[in-house]
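Participant: Have a peek at input.txt (compact mmCIF, C-alpha atoms).
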```txt
# COMPACT_ATOMS: atom_id res chain seq x y z
CA MET F 1 -13.16 -11.16 18.35
CA SER F 2 -13.52 -10.20 14.69
CA ARG F 3 -14.90 -6.78 13.91
CA SER F 4 -14.72 -4.13 11.23
CA LEU F 5 -11.85 -1.66 11.46
CA LEU F 6 -11.35 2.04 10.96
CA ILE F 7 -7.81 2.24 9.59
CA VAL F 8 -5.94 5.56 9.31
CA LEU F 9 -2.79 5.89 7.17
CA THR F 10 -1.11 9.20 7.86
CA GLY F 11 2.28 10.87 8.24
CA PRO F 12 4.53 12.75 5.82
CA GLY F 13 6.03 9.69 4.11
CA LYS F 14 5.09 7.92 0.89
CA GLY F 15 2.91 4.80 0.74
CA LYS F 16 -0.39 5.93 2.24
CA THR F 17 -2.50 5.77 -0.91
CA THR F 18 -0.69 2.75 -2.30
CA SER F 19 -1.24 0.88 0.97
CA ALA F 20 -4.98 1.62 0.79
CA LEU F 21 -4.97 0.36 -2.80
CA GLY F 22 -3.23 -2.84 -1.76
CA GLN F 23 -5.95 -3.29 0.84
CA VAL F 24 -8.56 -3.00 -1.93
CA LEU F 25 -6.73 -5.59 -4.05
CA ARG F 26 -6.51 -7.93 -1.05
CA ALA F 27 -10.22 -7.51 -0.30
CA ALA F 28 -11.07 -8.16 -3.96
CA GLY F 29 -9.20 -11.46 -3.72
CA HIS F 30 -11.62 -12.48 -0.99
CA GLY F 31 -14.61 -11.42 -3.10
CA MET F 32 -15.27 -8.42 -0.86
CA ARG F 33 -16.68 -5.32 -2.57
CA SER F 34 -14.82 -2.04 -2.13
CA CYS F 35 -15.57 1.59 -2.89
CA VAL F 36 -12.69 4.04 -3.38
CA ILE F 37 -13.33 7.77 -3.16
CA GLN F 38 -10.42 10.03 -4.05
CA PHE F 39 -10.94 13.49 -2.60
CA ILE F 40 -8.11 15.58 -3.90
CA LYS F 41 -6.87 13.95 -7.04
CA GLY F 42 -8.70 15.37 -10.06
CA THR F 43 -7.47 13.17 -12.90
CA PRO F 44 -7.72 9.40 -13.36
CA THR F 45 -4.58 7.61 -12.21
CA GLY F 46 -3.00 4.27 -13.09
CA GLU F 47 -4.77 2.64 -10.15
CA ALA F 48 -8.20 3.90 -11.27
CA ARG F 49 -7.62 2.39 -14.71
CA ALA F 50 -6.39 -0.88 -13.22
CA ALA F 51 -9.51 -1.09 -11.03
CA GLU F 52 -11.66 -1.23 -14.16
CA ARG F 53 -10.83 -4.94 -14.33
CA PHE F 54 -12.74 -5.34 -11.09
CA GLY F 55 -15.96 -3.71 -12.24
CA ASP F 56 -17.90 -6.27 -10.19
CA LEU F 57 -15.92 -5.70 -7.00
CA ILE F 58 -14.48 -2.18 -7.04
CA GLU F 59 -16.34 1.09 -7.46
CA TRP F 60 -14.14 4.14 -8.00
CA HIS F 61 -14.95 7.84 -7.66
CA ILE F 62 -12.67 10.78 -8.33
CA THR F 63 -14.22 13.84 -6.69
CA GLY F 64 -11.37 16.34 -6.44
CA CYS F 65 -10.43 19.39 -8.42
CA GLY F 66 -6.68 18.86 -8.29
CA PHE F 67 -4.51 19.80 -5.37
CA THR F 68 -5.82 22.74 -3.38
CA TRP F 69 -2.45 24.38 -2.85
CA LYS F 70 -2.19 24.83 -6.61
CA SER F 71 -5.79 25.93 -6.94
CA LYS F 72 -6.95 29.19 -8.45
CA ASP F 73 -10.55 28.79 -7.35
CA LEU F 74 -10.79 27.69 -3.70
CA GLN F 75 -14.59 28.00 -3.65
CA LYS F 76 -14.83 25.48 -6.47
CA ASP F 77 -12.55 23.12 -4.55
CA ILE F 78 -14.65 23.43 -1.40
CA GLU F 79 -17.81 22.62 -3.33
CA ALA F 80 -16.15 19.59 -4.93
CA ALA F 81 -14.93 18.41 -1.51
CA ARG F 82 -18.39 18.72 0.03
CA LYS F 83 -19.97 16.88 -2.88
CA GLY F 84 -17.32 14.19 -2.45
CA TRP F 85 -18.09 13.94 1.24
CA ALA F 86 -21.85 13.63 0.57
CA LEU F 87 -21.03 10.77 -1.82
CA ALA F 88 -18.82 9.14 0.83
CA ARG F 89 -21.65 9.29 3.39
CA GLU F 90 -24.00 7.70 0.88
CA LYS F 91 -21.58 4.88 0.02
CA ILE F 92 -20.78 4.23 3.69
CA ALA F 93 -24.48 3.97 4.57
CA SER F 94 -25.41 1.95 1.48
CA GLY F 95 -24.53 -1.47 2.89
CA GLU F 96 -23.16 -2.42 -0.54
CA PHE F 97 -19.51 -2.55 0.48
CA ARG F 98 -17.21 -4.33 2.92
CA LEU F 99 -14.44 -1.75 2.47
CA VAL F 100 -14.58 1.98 1.75
CA VAL F 101 -11.34 3.88 1.06
CA LEU F 102 -11.42 7.65 1.61
CA ASP F 103 -8.21 8.78 -0.07
CA GLU F 104 -6.86 12.16 1.12
CA LEU F 105 -9.88 12.67 3.35
CA THR F 106 -7.71 14.51 5.87
CA CYS F 107 -7.42 17.41 3.43
CA LEU F 108 -11.11 18.12 4.03
CA THR F 109 -10.48 18.70 7.71
CA LYS F 110 -7.14 20.43 7.23
CA TYR F 111 -8.74 23.08 5.06
CA ARG F 112 -11.94 23.07 7.18
CA MET F 113 -14.04 22.07 4.19
CA VAL F 114 -16.08 19.63 6.32
CA PRO F 115 -16.27 19.69 10.17
CA VAL F 116 -14.15 16.93 11.72
CA GLU F 117 -16.96 16.10 14.18
CA GLU F 118 -19.26 15.24 11.29
CA ILE F 119 -16.63 13.04 9.67
CA VAL F 120 -15.87 11.16 12.90
CA ARG F 121 -19.56 10.66 13.68
CA THR F 122 -20.21 9.26 10.21
CA LEU F 123 -17.28 6.86 10.49
CA ARG F 124 -18.23 5.72 14.00
CA ASP F 125 -21.86 5.14 12.95
CA ARG F 126 -20.91 3.09 9.87
CA PRO F 127 -22.50 -0.32 9.19
CA GLU F 128 -21.15 -3.01 11.50
CA ASP F 129 -19.36 -5.08 8.87
CA LEU F 130 -17.76 -2.18 6.98
CA HIS F 131 -13.99 -1.56 7.10
CA VAL F 132 -12.94 2.02 6.33
CA VAL F 133 -9.45 3.16 5.33
CA VAL F 134 -8.69 6.88 5.53
CA THR F 135 -5.48 8.30 4.07
CA GLY F 136 -3.80 11.70 4.21
CA ARG F 137 -1.21 13.75 6.07
CA ASP F 138 -1.96 15.38 9.38
CA ALA F 139 -4.88 13.21 10.51
CA PRO F 140 -6.68 15.24 13.20
CA PRO F 141 -6.56 13.94 16.81
CA GLU F 142 -10.32 13.26 16.81
CA LEU F 143 -9.86 10.86 13.89
CA ILE F 144 -6.85 9.12 15.52
CA GLU F 145 -8.93 8.71 18.67
CA ALA F 146 -11.80 7.10 16.73
CA ALA F 147 -9.53 4.77 14.70
CA ASP F 148 -8.71 1.12 15.48
CA LEU F 149 -5.45 0.96 13.56
CA VAL F 150 -3.22 3.94 12.82
CA THR F 151 0.01 3.79 10.82
CA GLU F 152 2.30 6.75 10.26
CA MET F 153 4.49 6.74 7.18
CA HIS F 154 7.85 8.42 7.69
CA LEU F 155 10.24 9.49 5.02
CA VAL F 156 13.75 8.17 5.50
CA LYS F 157 15.10 8.94 2.02
CA HIS F 158 13.46 10.53 -1.01
CA PRO F 159 14.64 10.59 -4.63
CA TYR F 160 13.25 14.11 -5.25
CA GLU F 161 16.05 15.32 -3.04
CA SER F 162 18.41 14.16 -5.74
CA GLY F 163 16.38 15.58 -8.64
CA THR F 164 14.34 12.61 -9.88
CA LYS F 165 10.89 13.60 -11.13
CA ALA F 166 7.53 11.90 -10.44
CA GLN F 167 6.98 8.91 -12.72
CA PRO F 168 3.95 7.06 -14.11
CA GLY F 169 3.38 3.71 -12.39
CA ILE F 170 5.25 4.88 -9.31
CA GLU F 171 3.77 8.22 -8.26
CA PHE F 172 0.42 8.17 -10.07
CA MET I 1 15.61 13.31 -14.64
CA SER I 2 13.49 10.16 -14.76
CA ARG I 3 15.10 6.94 -13.62
CA SER I 4 14.12 3.62 -12.11
CA LEU I 5 13.88 3.47 -8.34
CA LEU I 6 14.83 1.07 -5.60
CA ILE I 7 12.08 1.56 -3.02
CA VAL I 8 12.33 0.12 0.50
CA LEU I 9 9.27 -0.14 2.77
CA THR I 10 10.34 -1.00 6.29
CA GLY I 11 9.59 -0.33 9.95
CA PRO I 12 7.46 -2.13 12.53
CA GLY I 13 4.09 -0.71 11.41
CA LYS I 14 1.44 -2.15 9.11
CA GLY I 15 1.09 -1.24 5.43
CA LYS I 16 4.40 -2.38 3.93
CA THR I 17 3.10 -5.26 1.82
CA THR I 18 -0.19 -3.51 0.99
CA SER I 19 1.73 -0.45 -0.20
CA ALA I 20 3.85 -2.62 -2.51
CA LEU I 21 0.64 -4.21 -3.83
CA GLY I 22 -0.87 -0.79 -4.50
CA GLN I 23 2.27 0.03 -6.46
CA VAL I 24 1.69 -3.10 -8.57
CA LEU I 25 -1.94 -2.08 -9.21
CA ARG I 26 -0.84 1.43 -10.19
CA ALA I 27 1.82 0.05 -12.55
CA ALA I 28 -0.74 -2.32 -14.11
CA GLY I 29 -2.95 0.70 -14.86
CA HIS I 30 -0.11 2.08 -16.95
CA GLY I 31 0.30 -1.25 -18.75
CA MET I 32 3.60 -1.91 -16.96
CA ARG I 33 4.41 -5.56 -16.21
CA SER I 34 5.18 -6.52 -12.61
CA CYS I 35 6.56 -9.58 -10.88
CA VAL I 36 5.76 -10.18 -7.20
CA ILE I 37 7.87 -12.62 -5.20
CA GLN I 38 6.69 -13.36 -1.67
CA PHE I 39 9.52 -14.78 0.41
CA ILE I 40 8.00 -15.72 3.68
CA LYS I 41 4.32 -16.22 3.12
CA GLY I 42 3.64 -19.85 2.30
CA THR I 43 -0.04 -19.82 1.35
CA PRO I 44 -1.89 -17.90 -1.36
CA THR I 45 -3.42 -14.70 -0.02
CA GLY I 46 -6.32 -12.54 -1.18
CA GLU I 47 -3.94 -10.36 -3.16
CA ALA I 48 -2.45 -13.35 -5.01
CA ARG I 49 -5.95 -14.43 -6.05
CA ALA I 50 -6.89 -10.89 -7.09
CA ALA I 51 -3.75 -10.65 -9.24
CA GLU I 52 -5.01 -13.56 -11.34
CA ARG I 53 -7.17 -11.02 -13.20
CA PHE I 54 -3.95 -9.46 -14.45
CA GLY I 55 -2.46 -12.62 -15.93
CA ASP I 56 -1.03 -10.51 -18.77
CA LEU I 57 0.58 -7.92 -16.49
CA ILE I 58 1.30 -9.50 -13.11
CA GLU I 59 3.36 -12.61 -12.39
CA TRP I 60 3.14 -13.91 -8.83
CA HIS I 61 5.41 -16.31 -6.95
CA ILE I 62 5.01 -17.61 -3.43
CA THR I 63 8.32 -19.08 -2.33
CA GLY I 64 8.13 -19.23 1.46
CA CYS I 65 7.48 -21.99 3.92
CA GLY I 66 5.42 -19.93 6.33
CA PHE I 67 6.89 -17.68 8.97
CA THR I 68 10.30 -18.74 10.21
CA TRP I 69 9.66 -17.97 13.85
CA LYS I 70 6.94 -20.61 13.82
CA SER I 71 9.03 -23.05 11.86
CA LYS I 72 9.89 -26.56 12.93
CA ASP I 73 12.39 -27.14 10.14
CA LEU I 74 14.76 -24.20 9.73
CA GLN I 75 16.88 -25.97 7.12
CA LYS I 76 13.82 -26.39 4.90
CA ASP I 77 13.06 -22.67 5.28
CA ILE I 78 16.62 -21.71 4.36
CA GLU I 79 16.45 -23.83 1.23
CA ALA I 80 13.11 -22.30 0.25
CA ALA I 81 14.51 -18.81 0.84
CA ARG I 82 17.59 -19.47 -1.32
CA LYS I 83 15.43 -20.92 -4.09
CA GLY I 84 13.22 -17.84 -3.83
CA TRP I 85 16.25 -15.58 -4.08
CA ALA I 86 17.55 -17.45 -7.16
CA LEU I 87 14.12 -16.90 -8.75
CA ALA I 88 14.25 -13.20 -7.83
CA ARG I 89 17.67 -12.82 -9.49
CA GLU I 90 16.34 -14.50 -12.62
CA LYS I 91 13.24 -12.28 -12.78
CA ILE I 92 15.27 -9.12 -12.13
CA ALA I 93 17.71 -9.97 -14.92
CA SER I 94 15.03 -11.15 -17.37
CA GLY I 95 14.15 -7.72 -18.76
CA GLU I 96 10.50 -8.81 -18.83
CA PHE I 97 9.31 -6.49 -16.06
CA ARG I 98 9.17 -2.79 -15.21
CA LEU I 99 8.51 -3.51 -11.52
CA VAL I 100 9.66 -6.35 -9.27
CA VAL I 101 8.30 -6.59 -5.70
CA LEU I 102 10.36 -8.59 -3.21
CA ASP I 103 7.95 -9.02 -0.31
CA GLU I 104 9.59 -9.74 3.05
CA LEU I 105 13.02 -9.89 1.44
CA THR I 106 14.55 -8.44 4.61
CA CYS I 107 13.87 -11.72 6.41
CA LEU I 108 16.52 -13.35 4.22
CA THR I 109 19.16 -11.00 5.57
CA LYS I 110 17.83 -10.95 9.11
CA TYR I 111 18.18 -14.69 9.37
CA ARG I 112 21.40 -14.67 7.27
CA MET I 113 19.86 -16.93 4.67
CA VAL I 114 21.43 -14.90 1.84
CA PRO I 115 24.41 -12.49 2.25
CA VAL I 116 23.26 -8.86 2.24
CA GLU I 117 26.17 -7.91 -0.07
CA GLU I 118 24.86 -10.28 -2.72
CA ILE I 119 21.35 -8.84 -2.44
CA VAL I 120 22.53 -5.24 -2.68
CA ARG I 121 24.82 -6.01 -5.63
CA THR I 122 21.96 -7.71 -7.52
CA LEU I 123 19.62 -4.77 -6.88
CA ARG I 124 22.23 -2.16 -7.87
CA ASP I 125 23.07 -4.04 -11.06
CA ARG I 126 19.43 -4.40 -12.14
CA PRO I 127 18.27 -3.42 -15.67
CA GLU I 128 18.13 0.35 -16.10
CA ASP I 129 14.36 0.66 -16.50
CA LEU I 130 13.37 -1.70 -13.65
CA HIS I 131 11.80 -0.38 -10.45
CA VAL I 132 12.21 -2.65 -7.42
CA VAL I 133 10.16 -2.52 -4.21
CA VAL I 134 11.53 -4.36 -1.17
CA THR I 135 9.40 -4.83 1.95
CA GLY I 136 10.08 -6.11 5.44
CA ARG I 137 11.02 -5.05 8.95
CA ASP I 138 14.58 -4.20 9.92
CA ALA I 139 15.96 -3.37 6.49
CA PRO I 140 19.77 -3.62 6.84
CA PRO I 141 21.83 -0.39 6.57
CA GLU I 142 23.47 -1.58 3.33
CA LEU I 143 20.04 -1.82 1.69
CA ILE I 144 18.94 1.61 3.00
CA GLU I 145 22.16 3.04 1.62
CA ALA I 146 21.52 1.54 -1.84
CA ALA I 147 17.86 2.62 -1.96
CA ASP I 148 16.45 5.74 -3.64
CA LEU I 149 13.26 5.97 -1.59
CA VAL I 150 12.84 4.60 1.92
CA THR I 151 9.64 4.77 3.95
CA GLU I 152 9.31 3.56 7.52
CA MET I 153 5.89 2.47 8.73
CA HIS I 154 5.27 3.22 12.39
CA LEU I 155 2.52 1.82 14.52
CA VAL I 156 0.50 4.47 16.31
CA LYS I 157 -2.44 2.29 17.35
CA HIS I 158 -3.14 -1.38 16.76
CA PRO I 159 -6.39 -3.33 17.18
CA TYR I 160 -4.63 -6.50 18.37
CA GLU I 161 -3.93 -4.59 21.55
CA SER I 162 -7.67 -4.64 22.16
CA GLY I 163 -8.13 -8.30 21.20
CA THR I 164 -9.28 -8.15 17.58
CA LYS I 165 -8.02 -11.06 15.49
CA ALA I 166 -6.50 -10.98 11.99
CA GLN I 167 -9.20 -10.89 9.33
CA PRO I 168 -9.45 -11.95 5.66
CA GLY I 169 -9.35 -9.00 3.28
CA ILE I 170 -7.52 -6.90 5.84
CA GLU I 171 -4.54 -8.89 7.08
CA PHE I 172 -4.15 -11.50 4.33
```
Have the structure of the file written as structure tokens, please.
Facilitator:
Amino acid sequence: MSRSLLIVLTGPGKGKTTSALGQVLRAAGHGMRSCVIQFIKGTPTGEARAAERFGDLIEWHITGCGFTWKSKDLQKDIEAARKGWALAREKIASGEFRLVVLDELTCLTKYRMVPVEEIVRTLRDRPEDLHVVVTGRDAPPELIEAADLVTEMHLVKHPYESGTKAQPGIEF
Amino acid sequence: MSRSLLIVLTGPGKGKTTSALGQVLRAAGHGMRSCVIQFIKGTPTGEARAAERFGDLIEWHITGCGFTWKSKDLQKDIEAARKGWALAREKIASGEFRLVVLDELTCLTKYRMVPVEEIVRTLRDRPEDLHVVVTGRDAPPELIEAADLVTEMHLVKHPYESGTKAQPGIEF
């Protein structure tokens, strides 16, 4: 049986967003159209620039206002998150894509910006041939329950512990 | 302090290779040149085809003879693996890249095709500004010890359990 998957990449370790991006690259190699929606990141990253070479196959949206735990205006963040979610619903329903990546979607539920029931219902009711990849720490149990494939990334060793700073091409 | 990293993606879960690929996409967005060497996979995948759009930034080598546990000619696989490793050493030393991905490198040590000491020494002695990403299950302790960043992917839920087969754009 071949069917579309709801994939969740969660856990405290690194590699959740990069794994979703690899999935997009892989899909592009098969001529499958993808849509990436980044919920928390507010500034264009290396991957967003790289995706410009796939204008025919990859659509990219950055909806966030930066990271909420640094935020000075939570209300503004909530509005941005809800707008991002409305866009996600539209792209999921559009039938234009074979893969939709919702990067850091779990932040929306963690901070109760969007009800988890609404998110799960939208993902369950997606078009039949659409794969969805959700990334983010602390995926809620309702989302795990709805998912077909769940991977948890665990940190074994991290260079920040030894004082190395985030670097372009690696972290963003 | 900013310095090049040796990143190891291991564990039994999904997302190791895709995460390395996302890292390549991210690096490409920063104009950083990458070299990907796939050790076990024997046929071009979606990601290899997608990378063709980055002919200026991504070099891709498929060195394997398929998966060894399916193999009928182990000696042929060992030769292919050693040739692949010689190529990896050359690319690492070349100074042409900012990122080298060694996909499924851990298979070489698991099946004792190349001594782990030689692999670790080569990775430790790499050019100063070169990031290396190694993927594969069962990373040996010597490699973990040498690495800066280690992530383990753990399976929480897998669709094969419910009879869904591997699909293009998702699995390869």
Participant: For F:Val150, work out the shell of residues within 9 Å, counting only C-alpha atoms and skipping chain neighbours fewer than 2 positions away, then give it as a VMD selection string.
Facilitator: (chain F and resid 6 to 10 144 147 to 148 152) or (chain I and resid 13 to 14 154 to 158)
Participant: Using only C-alpha atoms and a distance of at most 6 Å, pull out the residues of chain I that contact chain F, as number ranges by chain.
Facilitator: I: 1-2, 15, 18-19, 21-23, 25-30, 46-47, 49-50, 148-159, 164-165, 169
Participant: What is the distance, in Å and to one decimal place, between atom CA of F:Ala86 and atom CA of F:Cys35?
Facilitator: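 Between these atoms lies a distance of 14.0 Å.
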Participant: Go through F:Val101, F:Glu90, F:Val114, F:Val36 one by one, measure the shortest atom-to-atom distance of each to F:Val132 using all atoms listed in the file, and give the residue with the smallest value.
Facilitator: F:Val101
Participant: Calculated over all atoms listed in the file, which of the candidates F:Val116, F:Thr122, F:Thr106, F:Phe39 has the smallest distance to F:Val134?
Facilitator: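 Using all atoms listed in the file, F:Val134 sits closest to F:Thr106.
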Participant: Tell me which protein, DNA and RNA residues are within 12 Å of I:Asp125, counting only C-alpha atoms, leaving out same-chain ones fewer than 2 positions away, and put them as an MDAnalysis selection string.
Facilitator: chainID I and resid 4 6 89 92:93 118:123 127:132 146
Participant: Scan for residues within 6 Å of the point (-15.1, 16.4, 3.4) in the coordinates of the file, using all atoms listed in the file, and reply as a VMD selection string.
Facilitator: chain F and resid 81 to 82 85 108 113 to 114
Participant: Please compute the atom CA of I:Arg137-atom CA of I:Glu104 distance, one decimal, in Å.
Facilitator: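 Between these atoms lies a distance of 7.7 Å.
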Participant: Would you mind reading off the distance between atom CA of I:Lys91 and atom CA of I:Arg33, one decimal, in Å?
Facilitator: 11.6 Å
Participant: Might I get the box with edges along x, y and z of the file that holds all atoms of stretch 109-114 of chain I listed there, padded by 3 Å on every side, given as centre and edge lengths in Å to one decimal, as JSON?
Facilitator:
```
{"center_x": 19.6, "center_y": -13.9, "center_z": 5.6, "size_x": 9.6, "size_y": 12.0, "size_z": 13.5}
```
Participant: Given the choices I:Gln38, I:Asp138, I:Glu117, I:Glu96, which gets closest to I:Gly84 if the distance is worked out from all atoms listed in the file?
Facilitator: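 Checking each of I:Gln38, I:Asp138, I:Glu117, I:Glu96 against I:Gly84, counting all atoms listed in the file, the winner is I:Gln38.
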